[in-house]
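Reproduced below: my_file_14.txt, with compact mmCIF, C-alpha atoms (C1' of nucleotides).
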# COMPACT_ATOMS: atom_id res chain seq x y z
CA MET A 18 -23.75 -10.82 -2.49
CA SER A 19 -23.35 -8.57 0.50
CA MET A 20 -21.39 -5.34 0.30
CA ARG A 21 -18.90 -6.79 2.75
CA GLU A 22 -18.20 -9.67 0.38
CA LYS A 23 -17.94 -7.37 -2.61
CA ILE A 24 -15.41 -5.25 -0.76
CA LEU A 25 -13.38 -8.29 0.25
CA ASN A 26 -13.37 -9.56 -3.33
CA ALA A 27 -12.16 -6.25 -4.71
CA ALA A 28 -9.60 -5.96 -1.93
CA GLU A 29 -8.25 -9.44 -2.62
CA THR A 30 -7.81 -8.74 -6.31
CA ARG A 31 -6.01 -5.47 -5.69
CA MET A 32 -3.96 -6.72 -2.79
CA ARG A 33 -2.71 -9.80 -4.62
CA ALA A 34 -1.84 -7.73 -7.67
CA ALA A 35 -0.14 -4.76 -6.08
CA GLY A 36 0.18 -5.34 -2.35
CA TYR A 37 -1.17 -3.92 0.88
CA ASN A 38 0.30 -0.45 0.50
CA ALA A 39 -0.75 -0.04 -3.10
CA MET A 40 -4.37 -0.77 -2.30
CA SER A 41 -6.47 2.20 -1.21
CA PHE A 42 -9.96 2.58 0.20
CA ARG A 43 -10.81 4.79 -2.75
CA ASP A 44 -9.75 2.15 -5.27
CA ILE A 45 -11.90 -0.49 -3.63
CA ALA A 46 -14.80 1.89 -3.26
CA ALA A 47 -14.64 2.68 -6.98
CA ASP A 48 -14.46 -1.04 -7.80
CA VAL A 49 -17.68 -1.83 -5.95
CA GLY A 50 -19.43 1.46 -6.74
CA VAL A 51 -19.56 3.25 -3.39
CA LYS A 52 -17.61 5.98 -1.66
CA SER A 53 -14.54 5.36 0.45
CA ALA A 54 -16.38 6.37 3.61
CA SER A 55 -18.72 3.42 3.06
CA VAL A 56 -15.78 1.03 2.97
CA HIS A 57 -14.66 2.51 6.27
CA TYR A 58 -18.10 1.75 7.64
CA HIS A 59 -17.60 -1.98 7.03
CA PHE A 60 -13.90 -2.00 7.93
CA PRO A 61 -13.08 0.95 10.21
CA GLN A 62 -9.33 0.66 9.73
CA LYS A 63 -7.29 -0.68 6.87
CA GLU A 64 -5.87 -3.17 9.31
CA ASP A 65 -9.35 -4.60 9.89
CA LEU A 66 -9.77 -5.15 6.18
CA GLY A 67 -6.37 -6.81 5.97
CA VAL A 68 -7.05 -9.19 8.83
CA ALA A 69 -10.50 -10.13 7.54
CA LEU A 70 -9.11 -10.70 4.06
CA VAL A 71 -6.31 -13.03 5.13
CA ALA A 72 -8.65 -14.93 7.44
CA ARG A 73 -11.15 -15.48 4.64
CA TYR A 74 -8.40 -16.43 2.20
CA SER A 75 -6.88 -18.93 4.60
CA GLU A 76 -10.21 -20.57 5.36
CA GLY A 77 -11.01 -20.81 1.67
CA GLN A 78 -7.68 -22.40 0.82
CA PHE A 79 -7.88 -25.08 3.51
CA ALA A 80 -11.50 -25.77 2.74
CA ALA A 81 -10.57 -26.33 -0.90
CA LEU A 82 -7.69 -28.55 0.17
CA ALA A 83 -9.93 -30.62 2.45
CA ASN A 84 -12.46 -30.94 -0.34
CA ALA A 85 -9.88 -32.07 -2.90
CA THR A 86 -8.40 -34.71 -0.61
CA GLU A 87 -11.62 -36.11 0.81
CA GLY A 88 -11.42 -39.88 0.70
CA VAL A 89 -7.98 -39.76 -0.91
CA GLU A 90 -5.58 -42.34 0.51
CA ASP A 91 -2.60 -41.96 -1.79
CA ARG A 92 -0.18 -39.57 -0.17
CA MET A 93 1.35 -38.45 -3.45
CA ALA A 94 -2.14 -37.48 -4.61
CA MET A 95 -2.48 -35.35 -1.50
CA VAL A 96 0.75 -33.52 -2.28
CA GLN A 97 -0.51 -33.02 -5.80
CA ALA A 98 -3.68 -31.43 -4.39
CA MET A 99 -1.50 -28.89 -2.59
CA ILE A 100 0.40 -28.24 -5.81
CA ASP A 101 -2.82 -27.79 -7.78
CA LEU A 102 -4.09 -25.33 -5.21
CA HIS A 103 -1.07 -23.13 -5.80
CA ALA A 104 -1.21 -23.58 -9.56
CA ASN A 105 -4.79 -22.39 -9.39
CA ALA A 106 -3.72 -19.22 -7.61
CA PHE A 107 -1.74 -18.20 -10.65
CA VAL A 108 -4.23 -18.99 -13.38
CA GLU A 109 -7.26 -17.64 -11.52
CA GLY A 110 -5.95 -14.43 -10.09
CA LYS A 111 -3.00 -14.24 -12.50
CA SER A 112 -1.01 -13.47 -9.41
CA ILE A 113 0.77 -14.90 -6.43
CA CYS A 114 -0.61 -16.23 -3.19
CA LEU A 115 -2.06 -13.47 -1.01
CA CYS A 116 0.11 -14.59 1.87
CA ALA A 117 3.28 -14.53 -0.22
CA MET A 118 2.47 -10.95 -1.17
CA LEU A 119 1.93 -9.96 2.44
CA SER A 120 5.01 -11.84 3.59
CA ALA A 121 7.13 -9.74 1.31
CA GLU A 122 5.63 -6.59 2.81
CA SER A 123 5.52 -8.02 6.33
CA VAL A 124 7.94 -5.49 7.77
CA GLY A 125 5.74 -2.44 8.11
CA LEU A 126 2.47 -4.34 8.10
CA PRO A 127 0.12 -4.18 11.11
CA ALA A 128 1.02 -6.91 13.58
CA ARG A 129 -2.40 -8.53 13.41
CA VAL A 130 -2.11 -8.94 9.65
CA THR A 131 1.38 -10.43 9.89
CA ALA A 132 0.18 -12.86 12.56
CA GLU A 133 -2.63 -14.05 10.32
CA VAL A 134 -0.22 -14.61 7.43
CA LYS A 135 2.21 -16.49 9.63
CA SER A 136 -0.66 -18.69 10.78
CA PHE A 137 -1.47 -19.57 7.17
CA PHE A 138 2.05 -20.84 6.57
CA ASP A 139 2.12 -22.69 9.88
CA GLN A 140 -1.05 -24.52 8.92
CA SER A 141 0.25 -25.27 5.43
CA LEU A 142 3.44 -26.73 6.88
CA ALA A 143 1.54 -28.76 9.45
CA TRP A 144 -0.62 -30.19 6.69
CA LEU A 145 2.39 -31.19 4.60
CA ARG A 146 4.25 -32.62 7.57
CA GLU A 147 1.33 -34.89 8.32
CA VAL A 148 1.24 -36.13 4.73
CA PHE A 149 4.96 -36.81 4.95
CA GLY A 150 4.46 -39.02 7.98
CA GLY A 151 5.31 -36.64 10.76
CA GLU A 152 8.87 -37.80 11.32
CA PRO A 153 11.02 -34.84 12.40
CA ASP A 154 13.44 -35.50 9.58
CA GLU A 155 10.71 -34.93 7.03
CA GLU A 156 10.18 -31.40 8.29
CA MET A 157 12.68 -29.99 5.84
CA ARG A 158 10.95 -31.67 2.91
CA ALA A 159 7.61 -30.18 3.85
CA GLU A 160 9.25 -26.78 4.12
CA ALA A 161 11.08 -27.16 0.80
CA VAL A 162 7.90 -28.18 -1.02
CA LEU A 163 5.90 -25.23 0.30
CA ALA A 164 8.77 -22.82 -0.33
CA ALA A 165 9.21 -24.10 -3.88
CA LEU A 166 5.51 -23.59 -4.60
CA GLN A 167 5.47 -20.06 -3.19
CA GLY A 168 8.76 -19.16 -4.83
CA GLY A 169 7.62 -20.68 -8.10
CA LEU A 170 4.55 -18.46 -8.08
CA LEU A 171 6.75 -15.45 -7.47
CA ILE A 172 9.07 -16.17 -10.38
CA ALA A 173 6.16 -17.02 -12.65
CA ALA A 174 4.47 -13.76 -11.74
CA VAL A 175 7.39 -11.49 -12.59
CA SER A 176 8.12 -13.53 -15.72
CA ARG A 177 4.46 -13.49 -16.71
CA ASP A 178 4.92 -17.17 -17.54
CA ALA A 179 3.21 -20.04 -15.75
CA ALA A 180 5.84 -22.45 -17.07
CA HIS A 181 8.19 -21.27 -14.34
CA PHE A 182 5.72 -22.39 -11.71
CA ASP A 183 5.11 -25.69 -13.47
CA ARG A 184 8.80 -26.55 -13.46
CA ALA A 185 9.22 -25.61 -9.81
CA ALA A 186 6.13 -27.64 -8.95
CA ARG A 187 7.44 -30.71 -10.81
CA GLY A 188 10.71 -30.41 -8.92
CA ALA A 189 8.82 -30.16 -5.65
CA ALA A 190 6.74 -33.18 -6.59
CA GLU A 191 9.89 -35.17 -7.27
CA LEU A 192 11.29 -34.30 -3.87
CA ALA A 193 8.00 -35.37 -2.31
CA ARG A 194 8.02 -38.62 -4.28
CA THR A 195 11.47 -39.69 -3.18
CA THR A 196 10.42 -38.86 0.37
CA LEU A 197 7.21 -40.86 0.25
CA ASP A 198 8.87 -43.85 -1.46
CA ARG A 199 11.28 -44.11 1.42
CA THR A 200 8.97 -43.70 4.40
CA PRO A 201 6.47 -46.35 5.54
CA GLY A 202 3.37 -44.18 5.51
CA HIS A 203 0.76 -44.54 8.17
CA LEU A 204 -2.23 -43.29 6.26
CA MET B 25 31.60 6.73 -0.32
CA SER B 26 29.84 8.77 -2.97
CA MET B 27 26.40 10.20 -2.38
CA ARG B 28 25.13 8.00 -5.17
CA GLU B 29 26.31 4.90 -3.31
CA LYS B 30 24.91 6.14 -0.02
CA ILE B 31 21.55 6.68 -1.65
CA LEU B 32 21.60 3.24 -3.22
CA ASN B 33 22.49 1.64 0.12
CA ALA B 34 19.66 3.38 1.92
CA ALA B 35 17.28 2.57 -0.92
CA GLU B 36 18.23 -1.09 -0.86
CA THR B 37 17.65 -1.38 2.88
CA ARG B 38 14.27 0.30 2.68
CA MET B 39 13.16 -1.42 -0.48
CA ARG B 40 14.03 -4.88 0.79
CA ALA B 41 12.29 -4.21 4.07
CA ALA B 42 9.11 -2.60 2.87
CA GLY B 43 8.98 -2.66 -0.91
CA TYR B 44 9.11 -0.26 -3.81
CA ASN B 45 5.92 1.62 -2.99
CA ALA B 46 6.71 1.98 0.69
CA MET B 47 10.06 3.61 -0.04
CA SER B 48 9.99 7.37 -0.53
CA PHE B 49 12.54 9.95 -1.63
CA ARG B 50 12.05 11.73 1.68
CA ASP B 51 12.88 8.60 3.67
CA ILE B 52 16.06 8.00 1.75
CA ALA B 53 17.03 11.66 1.92
CA ALA B 54 16.64 11.61 5.70
CA ASP B 55 18.68 8.39 5.92
CA VAL B 56 21.66 9.90 4.14
CA GLY B 57 21.22 13.42 5.52
CA VAL B 58 20.12 15.45 2.52
CA LYS B 59 16.86 16.79 1.14
CA SER B 60 14.62 14.86 -1.21
CA ALA B 61 15.39 17.21 -4.07
CA SER B 62 19.02 16.14 -3.86
CA VAL B 63 18.04 12.52 -4.30
CA HIS B 64 16.10 13.56 -7.40
CA TYR B 65 19.30 15.14 -8.66
CA HIS B 66 21.06 11.76 -8.70
CA PHE B 67 18.00 9.76 -9.77
CA PRO B 68 15.54 12.02 -11.60
CA GLN B 69 12.67 9.54 -11.39
CA LYS B 70 11.92 6.84 -8.88
CA GLU B 71 12.07 4.41 -11.76
CA ASP B 72 15.73 5.37 -12.37
CA LEU B 73 16.55 4.59 -8.78
CA GLY B 74 14.76 1.27 -9.00
CA VAL B 75 16.54 0.19 -12.16
CA ALA B 76 19.97 1.22 -10.85
CA LEU B 77 19.34 -0.55 -7.59
CA VAL B 78 18.36 -3.87 -9.14
CA ALA B 79 21.25 -3.68 -11.60
CA ARG B 80 23.75 -3.10 -8.80
CA TYR B 81 22.18 -5.82 -6.67
CA SER B 82 22.27 -8.33 -9.50
CA GLU B 83 25.90 -7.60 -10.35
CA GLY B 84 26.86 -7.89 -6.70
CA GLN B 85 25.15 -11.22 -6.27
CA PHE B 86 26.73 -12.83 -9.31
CA ALA B 87 30.12 -11.39 -8.47
CA ALA B 88 29.86 -12.93 -5.01
CA LEU B 89 28.77 -16.20 -6.56
CA ALA B 90 31.67 -16.21 -9.00
CA ASN B 91 34.06 -15.41 -6.18
CA ALA B 92 32.74 -18.19 -3.95
CA THR B 93 32.98 -20.83 -6.68
CA GLU B 94 36.33 -19.84 -8.13
CA GLY B 95 38.37 -22.99 -8.59
CA VAL B 96 35.58 -25.13 -7.14
CA GLU B 97 35.08 -28.36 -9.08
CA ASP B 98 32.55 -30.17 -6.91
CA ARG B 99 29.10 -29.40 -8.27
CA MET B 100 27.37 -29.88 -4.93
CA ALA B 101 29.69 -27.26 -3.46
CA MET B 102 28.57 -24.91 -6.20
CA VAL B 103 24.94 -25.44 -5.32
CA GLN B 104 25.84 -24.84 -1.70
CA ALA B 105 27.39 -21.51 -2.69
CA MET B 106 24.07 -20.47 -4.19
CA ILE B 107 22.31 -21.55 -1.01
CA ASP B 108 24.75 -19.62 1.16
CA LEU B 109 24.23 -16.53 -0.93
CA HIS B 110 20.52 -16.63 -0.17
CA ALA B 111 21.09 -17.47 3.48
CA ASN B 112 23.29 -14.43 3.69
CA ALA B 113 20.49 -12.23 2.36
CA PHE B 114 18.43 -13.05 5.42
CA VAL B 115 21.04 -12.67 8.12
CA GLU B 116 22.64 -9.54 6.66
CA GLY B 117 19.63 -7.51 5.68
CA LYS B 118 17.24 -9.46 7.91
CA SER B 119 15.03 -9.53 4.89
CA ILE B 120 14.28 -11.24 1.62
CA CYS B 121 15.99 -11.01 -1.74
CA LEU B 122 15.46 -7.62 -3.38
CA CYS B 123 14.20 -9.34 -6.50
CA ALA B 124 11.70 -11.46 -4.58
CA MET B 125 10.30 -8.28 -3.07
CA LEU B 126 10.02 -6.61 -6.44
CA SER B 127 8.54 -9.72 -8.03
CA ALA B 128 5.71 -9.63 -5.56
CA GLU B 129 5.02 -6.02 -6.47
CA SER B 130 5.76 -6.54 -10.15
CA VAL B 131 2.26 -5.70 -11.32
CA GLY B 132 2.25 -1.93 -11.06
CA LEU B 133 6.01 -1.56 -11.20
CA PRO B 134 7.70 0.41 -14.01
CA ALA B 135 8.42 -1.92 -16.91
CA ARG B 136 12.17 -1.26 -16.83
CA VAL B 137 12.35 -2.34 -13.19
CA THR B 138 10.37 -5.50 -13.85
CA ALA B 139 12.62 -6.36 -16.78
CA GLU B 140 15.71 -6.02 -14.60
CA VAL B 141 14.21 -8.31 -11.97
CA LYS B 142 13.24 -10.88 -14.56
CA SER B 143 16.78 -10.80 -15.89
CA PHE B 144 18.13 -11.58 -12.42
CA PHE B 145 16.04 -14.73 -12.20
CA ASP B 146 16.89 -15.75 -15.75
CA GLN B 147 20.59 -15.51 -14.93
CA SER B 148 20.13 -17.39 -11.66
CA LEU B 149 18.33 -20.20 -13.47
CA ALA B 150 20.93 -20.32 -16.22
CA TRP B 151 23.65 -20.61 -13.61
CA LEU B 152 21.90 -23.49 -11.83
CA ARG B 153 21.09 -25.26 -15.09
CA GLU B 154 24.73 -25.26 -16.02
CA VAL B 155 25.70 -26.74 -12.66
CA PHE B 156 23.08 -29.42 -13.17
CA GLY B 157 24.62 -30.41 -16.45
CA GLY B 158 22.41 -28.61 -18.89
CA GLU B 159 20.14 -31.50 -19.78
CA PRO B 160 16.65 -30.22 -20.52
CA ASP B 161 15.18 -32.60 -17.96
CA GLU B 162 17.19 -30.93 -15.22
CA GLU B 163 15.51 -27.63 -15.89
CA MET B 164 12.78 -28.32 -13.39
CA ARG B 165 15.30 -29.11 -10.66
CA ALA B 166 17.12 -25.83 -11.20
CA GLU B 167 13.79 -24.05 -11.03
CA ALA B 168 12.68 -25.91 -7.92
CA VAL B 169 15.95 -25.16 -6.12
CA LEU B 170 15.79 -21.43 -6.86
CA ALA B 171 12.09 -21.27 -6.02
CA ALA B 172 12.65 -23.09 -2.73
CA LEU B 173 15.39 -20.64 -1.75
CA GLN B 174 13.29 -17.59 -2.62
CA GLY B 175 10.17 -19.03 -1.02
CA GLY B 176 12.15 -20.08 2.04
CA LEU B 177 13.35 -16.52 2.50
CA LEU B 178 9.78 -15.30 2.25
CA ILE B 179 8.45 -17.67 4.90
CA ALA B 180 11.43 -17.01 7.16
CA ALA B 181 10.86 -13.27 6.84
CA VAL B 182 7.21 -13.29 7.87
CA SER B 183 7.96 -15.81 10.61
CA ARG B 184 10.98 -13.80 11.78
CA ASP B 185 12.76 -17.14 12.02
CA ALA B 186 15.74 -18.17 9.90
CA ALA B 187 15.07 -21.83 10.72
CA HIS B 188 12.34 -21.82 8.07
CA PHE B 189 14.87 -20.88 5.44
CA ASP B 190 17.37 -23.42 6.70
CA ARG B 191 14.88 -26.26 6.38
CA ALA B 192 13.82 -25.20 2.89
CA ALA B 193 17.47 -24.90 1.90
CA ARG B 194 18.29 -28.37 3.20
CA GLY B 195 15.37 -29.76 1.23
CA ALA B 196 16.59 -27.96 -1.88
CA ALA B 197 20.09 -29.31 -1.30
CA GLU B 198 18.71 -32.83 -1.08
CA LEU B 199 16.92 -32.42 -4.38
CA ALA B 200 20.13 -31.13 -5.93
CA ARG B 201 22.11 -34.02 -4.46
CA THR B 202 19.87 -36.75 -5.90
CA THR B 203 20.08 -34.92 -9.21
CA LEU B 204 23.86 -34.66 -9.24
CA ASP B 205 24.34 -38.27 -8.09
CA ARG B 206 22.40 -39.43 -11.09
CA THR B 207 23.90 -37.31 -13.86
CA PRO B 208 27.41 -37.74 -15.26
CA GLY B 209 28.65 -34.22 -14.76
CA HIS B 210 30.83 -32.55 -17.33
CA LEU B 211 32.62 -30.10 -15.10
C1' DC C 16 -52.42 -0.31 12.48
C1' DC C 17 -49.92 3.69 13.37
C1' DT C 18 -46.40 6.26 15.29
C1' DT C 19 -42.10 6.89 17.30
C1' DA C 20 -37.25 5.46 18.00
C1' DT C 21 -33.28 3.11 16.60
C1' DT C 22 -30.19 1.01 13.59
C1' DT C 23 -28.05 0.41 9.16
C1' DA C 24 -25.82 1.98 5.30
C1' DT C 25 -24.66 5.36 2.57
C1' DC C 26 -23.47 10.12 1.25
C1' DT C 27 -20.76 14.89 1.10
C1' DA C 28 -17.13 17.41 2.78
C1' DT C 29 -13.05 17.85 4.94
C1' DC C 30 -8.74 17.05 7.54
C1' DA C 31 -3.66 16.48 8.16
C1' DG C 32 -0.08 13.96 6.20
C1' DT C 33 2.70 12.28 2.55
C1' DA C 34 3.78 11.11 -2.29
C1' DG C 35 6.73 12.21 -6.61
C1' DA C 36 8.29 15.91 -8.98
C1' DT C 37 9.92 20.67 -10.39
C1' DA C 38 11.77 25.55 -10.40
C1' DG C 39 15.00 28.58 -9.03
C1' DA C 40 18.58 30.26 -5.73
C1' DC C 41 23.02 29.46 -3.93
C1' DA C 42 27.76 27.91 -3.04
C1' DA C 43 31.73 25.39 -4.08
C1' DA C 44 34.64 23.23 -7.10
C1' DT C 45 36.58 22.86 -11.79
C1' DA D 3 32.74 30.93 -16.53
C1' DT D 4 30.80 26.60 -16.15
C1' DT D 5 29.53 22.56 -13.93
C1' DT D 6 28.25 20.05 -9.83
C1' DG D 7 25.61 19.39 -5.95
C1' DT D 8 22.60 20.93 -2.60
C1' DC D 9 19.18 23.91 -0.81
C1' DT D 10 14.30 26.20 -0.10
C1' DA D 11 9.90 26.42 -1.60
C1' DT D 12 6.20 24.80 -3.88
C1' DC D 13 2.88 22.07 -6.80
C1' DT D 14 -0.65 18.62 -7.63
C1' DA D 15 -2.29 14.27 -6.43
C1' DC D 16 -3.43 10.90 -3.29
C1' DT D 17 -3.53 8.62 1.41
C1' DG D 18 -6.27 6.94 5.68
C1' DA D 19 -9.50 8.72 8.53
C1' DT D 20 -13.39 11.46 10.62
C1' DA D 21 -17.62 14.37 11.20
C1' DG D 22 -22.06 15.15 10.22
C1' DA D 23 -26.17 14.83 7.12
C1' DT D 24 -29.48 11.81 5.07
C1' DA D 25 -32.49 8.20 3.74
C1' DA D 26 -34.27 3.74 4.33
C1' DA D 27 -35.15 -0.15 6.92
C1' DT D 28 -36.39 -2.22 11.33
C1' DA D 29 -38.19 -2.45 16.06
C1' DA D 30 -41.13 -0.93 19.94
C1' DG D 31 -45.08 0.89 22.19
C1' DG D 32 -49.68 2.40 22.26

Could you quickly redo this structure as structure tokens?
Amino acid sequence: MSMREKILNAAETRMRAAGYNAMSFRDIAADVGVKSASVHYHFPQKEDLGVALVARYSEGQFAALANATEGVEDRMAMVQAMIDLHANAFVEGKSICLCAMLSAESVGLPARVTAEVKSFFDQSLAWLREVFGGEPDEEMRAEAVLAALQGGLLIAAVSRDAAHFDRAARGAAELARTTLDRTPGHL
Amino acid sequence: MSMREKILNAAETRMRAAGYNAMSFRDIAADVGVKSASVHYHFPQKEDLGVALVARYSEGQFAALANATEGVEDRMAMVQAMIDLHANAFVEGKSICLCAMLSAESVGLPARVTAEVKSFFDQSLAWLREVFGGEPDEEMRAEAVLAALQGGLLIAAVSRDAAHFDRAARGAAELARTTLDRTPGHL
DNA sequence: CCTTATTTATCTATCAGTAGATAGACAAAT
DNA sequence: ATTTGTCTATCTACTGATAGATAAATAAGG
């Protein structure tokens, strides 16, 4: 694994646990076994590291989503894939979605980082809207499902209890189900 | 207004905008026109300020909720009061719920602060569960509604667009409505 | 093949700025 | 006389960032 990847891995762990401001070049350097100046060599500014990290995270999430829904026709199964992706965020990293973390801090974050985070949510919403059939009225259901998953992660994180996420996710799934039962579905 | 209140007001604004770590005694001191040592006089440790702030915030929110639902019988109107409370958080402070912010940062926060935040969510969930009738099966709907509101605030904040929250809130309201239509209701 | 030049990746050392926190002086109010 | 509230001054620790040295790898030219 390249040093760049090692740095990004360490940065993701720290950033998802404690946030952008609580993550320092020295911490990351210690994690991967180099000096902070070496981290600056790969990512001149902290902003560069932030942008690269969100970009990699976003690509990874949508790649995983595409992989999990390949050949899947059932729309409810597709929603469940999105739910599982978020559930995985909690059990794997024992923490919230990177983009939820950065959204909370978004005031005071470099503009390029904020833009990347916003793009992640835009893509997530677009994906859900398409599953829901694309009718304008379904927009609010896509938004509520995504918000419930992100909010569920947040409450689970502070409660140190994944059951909070599971309940929020089941509620979101129910909202999706009533939506999908009602609409024709063009997939 | 007492200096203590002034400090708490400034701290709330800064903390909700940028988070616990990005808020400093010097910033708050400058906001209220004193020196940082004077802030330490009222709140010896940063942790003390954090705990007091969340406690005051929590009391204020539930007082507002009680006030808005006084004499209200319709359960859907009660849910709407909870929604409005969260909507207000965005338009007033142009930012997310204080407890959502602190949840994100919860790893690395003083334990007393985390406990106070957790308590806020526990109370919010208890309040929603009671509106939903208290059946164990309704637990997930209470959780989904709260999570959707918190997550909606988060996405609206990073997008700088309250419409994201409004859509999530309407989706949450729909989930609540289907729930309340189905259950008997003992209020 | 050998030598020279360049690039890559790391180091040490340091900078100015800011963090939370404390000690002690001072004035005003009780 | 004591308490309350604020000040100045200072401490240690840590932040992001930069400069300059160094070693190893790679490329170029003869």

Give the residues of chain A that lie within 8 Å of chain D; count all atoms listed in the file, and format the answer as a list in words.
-> Ser41, Phe42 and Lys63 of chain A

Counting only C-alpha atoms, the residue of B:Ala79, B:Leu73, B:Cys123, B:Val131 that sits nearest Ala34 (chain A) |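 Closest to Ala34 (chain A) of all the choices is B:Val131.
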
At most 6 Å to chain B: residues in chain A, all atoms listed in the file, as a CSV table (one decimal) with C-alpha atoms, in the frame of the given file:
chain,number,residue,atom,x,y,z
A,34,ALA,CA,-1.8,-7.7,-7.7
A,35,ALA,CA,-0.1,-4.8,-6.1
A,118,MET,CA,2.5,-11.0,-1.2
A,120,SER,CA,5.0,-11.8,3.6
A,121,ALA,CA,7.1,-9.7,1.3
A,122,GLU,CA,5.6,-6.6,2.8
A,123,SER,CA,5.5,-8.0,6.3
A,124,VAL,CA,7.9,-5.5,7.8
A,135,LYS,CA,2.2,-16.5,9.6
A,157,MET,CA,12.7,-30.0,5.8
A,158,ARG,CA,11.0,-31.7,2.9
A,160,GLU,CA,9.2,-26.8,4.1
A,161,ALA,CA,11.1,-27.2,0.8
A,164,ALA,CA,8.8,-22.8,-0.3
A,165,ALA,CA,9.2,-24.1,-3.9
A,167,GLN,CA,5.5,-20.1,-3.2
A,168,GLY,CA,8.8,-19.2,-4.8
A,169,GLY,CA,7.6,-20.7,-8.1
A,175,VAL,CA,7.4,-11.5,-12.6
A,176,SER,CA,8.1,-13.5,-15.7
A,184,ARG,CA,8.8,-26.6,-13.5
A,185,ALA,CA,9.2,-25.6,-9.8
A,188,GLY,CA,10.7,-30.4,-8.9
A,192,LEU,CA,11.3,-34.3,-3.9

Distance-based interface of chain A with chain C, 12 Å, counting only C-alpha atoms (C1' of nucleotides), as a list of chain:residue names |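 The selection requested is A:Ser19, A:Met20, A:Arg21, A:Ala46, A:Gly50, A:Val51, A:Lys52, A:Ser53, A:Ala54, A:Ser55, A:Val56, A:His57, A:Tyr58, A:His59.
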
Polymer residues at most 8 Å from Ala35 (chain B), all atoms listed in the file, same-chain spacing of 2 or more positions, as number ranges by chain | B: 31-33, 37-39, 47, 52, 77

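The space separating CA of Gly67 (chain A) from CA of Val130 (chain A) comes to 6.0 Å.
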
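The space separating CA of Ala98 (chain A) from CA of Ala85 (chain A) comes to 6.4 Å.
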
Distance of CA of Glu140 (chain B) from CA of Arg80 (chain B), expressed in Å to one decimal place |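 A separation of 10.3 Å between them.
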
Which is closest to Trp144 (chain A) among A:Met99, A:Ala179, A:Val49, A:Val68, if we use all atoms listed in the file?
->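 Of A:Met99, A:Ala179, A:Val49, A:Val68, the one nearest Trp144 (chain A), counting all atoms listed in the file, is A:Met99.
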
As lines of an AutoDock Vina configuration file, what would the box around region 23-27 of chain D look like: edges along x, y and z, 3 Å added on every side, centre and edge lengths in Å to one decimal?
center_x = -30.7
center_y = 7.3
center_z = 5.4
size_x = 15.0
size_y = 21.0
size_z = 9.4

Can region 30-42 of chain B be brought up to N, CA and C atoms and written out as a JSON list (two decimals), keeping the file's coordinate frame?
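The resulting result-v1.json:
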[["chain", "number", "residue", "atom", "x", "y", "z"],
["B", 30, "LYS", "N", 25.66, 6.03, -1.28],
["B", 30, "LYS", "CA", 24.91, 6.14, -0.02],
["B", 30, "LYS", "C", 23.41, 6.03, -0.27],
["B", 31, "ILE", "N", 22.97, 6.71, -1.31],
["B", 31, "ILE", "CA", 21.55, 6.68, -1.65],
["B", 31, "ILE", "C", 21.12, 5.26, -2.02],
["B", 32, "LEU", "N", 21.94, 4.60, -2.82],
["B", 32, "LEU", "CA", 21.60, 3.24, -3.22],
["B", 32, "LEU", "C", 21.57, 2.31, -2.01],
["B", 33, "ASN", "N", 22.50, 2.49, -1.09],
["B", 33, "ASN", "CA", 22.49, 1.64, 0.12],
["B", 33, "ASN", "C", 21.22, 1.84, 0.92],
["B", 34, "ALA", "N", 20.87, 3.10, 1.15],
["B", 34, "ALA", "CA", 19.66, 3.38, 1.92],
["B", 34, "ALA", "C", 18.43, 2.86, 1.19],
["B", 35, "ALA", "N", 18.42, 3.04, -0.12],
["B", 35, "ALA", "CA", 17.28, 2.57, -0.92],
["B", 35, "ALA", "C", 17.15, 1.06, -0.85],
["B", 36, "GLU", "N", 18.30, 0.37, -0.90],
["B", 36, "GLU", "CA", 18.23, -1.09, -0.86],
["B", 36, "GLU", "C", 17.66, -1.57, 0.47],
["B", 37, "THR", "N", 18.15, -0.97, 1.56],
["B", 37, "THR", "CA", 17.65, -1.38, 2.88],
["B", 37, "THR", "C", 16.14, -1.18, 2.97],
["B", 38, "ARG", "N", 15.70, 0.00, 2.57],
["B", 38, "ARG", "CA", 14.27, 0.30, 2.68],
["B", 38, "ARG", "C", 13.42, -0.52, 1.73],
["B", 39, "MET", "N", 13.93, -0.70, 0.53],
["B", 39, "MET", "CA", 13.16, -1.42, -0.48],
["B", 39, "MET", "C", 13.04, -2.89, -0.11],
["B", 40, "ARG", "N", 14.10, -3.47, 0.42],
["B", 40, "ARG", "CA", 14.03, -4.88, 0.79],
["B", 40, "ARG", "C", 13.18, -5.08, 2.02],
["B", 41, "ALA", "N", 13.09, -4.07, 2.86],
["B", 41, "ALA", "CA", 12.29, -4.21, 4.07],
["B", 41, "ALA", "C", 10.81, -4.01, 3.79],
["B", 42, "ALA", "N", 10.51, -3.00, 2.98],
["B", 42, "ALA", "CA", 9.11, -2.60, 2.87],
["B", 42, "ALA", "C", 8.57, -2.56, 1.45]]
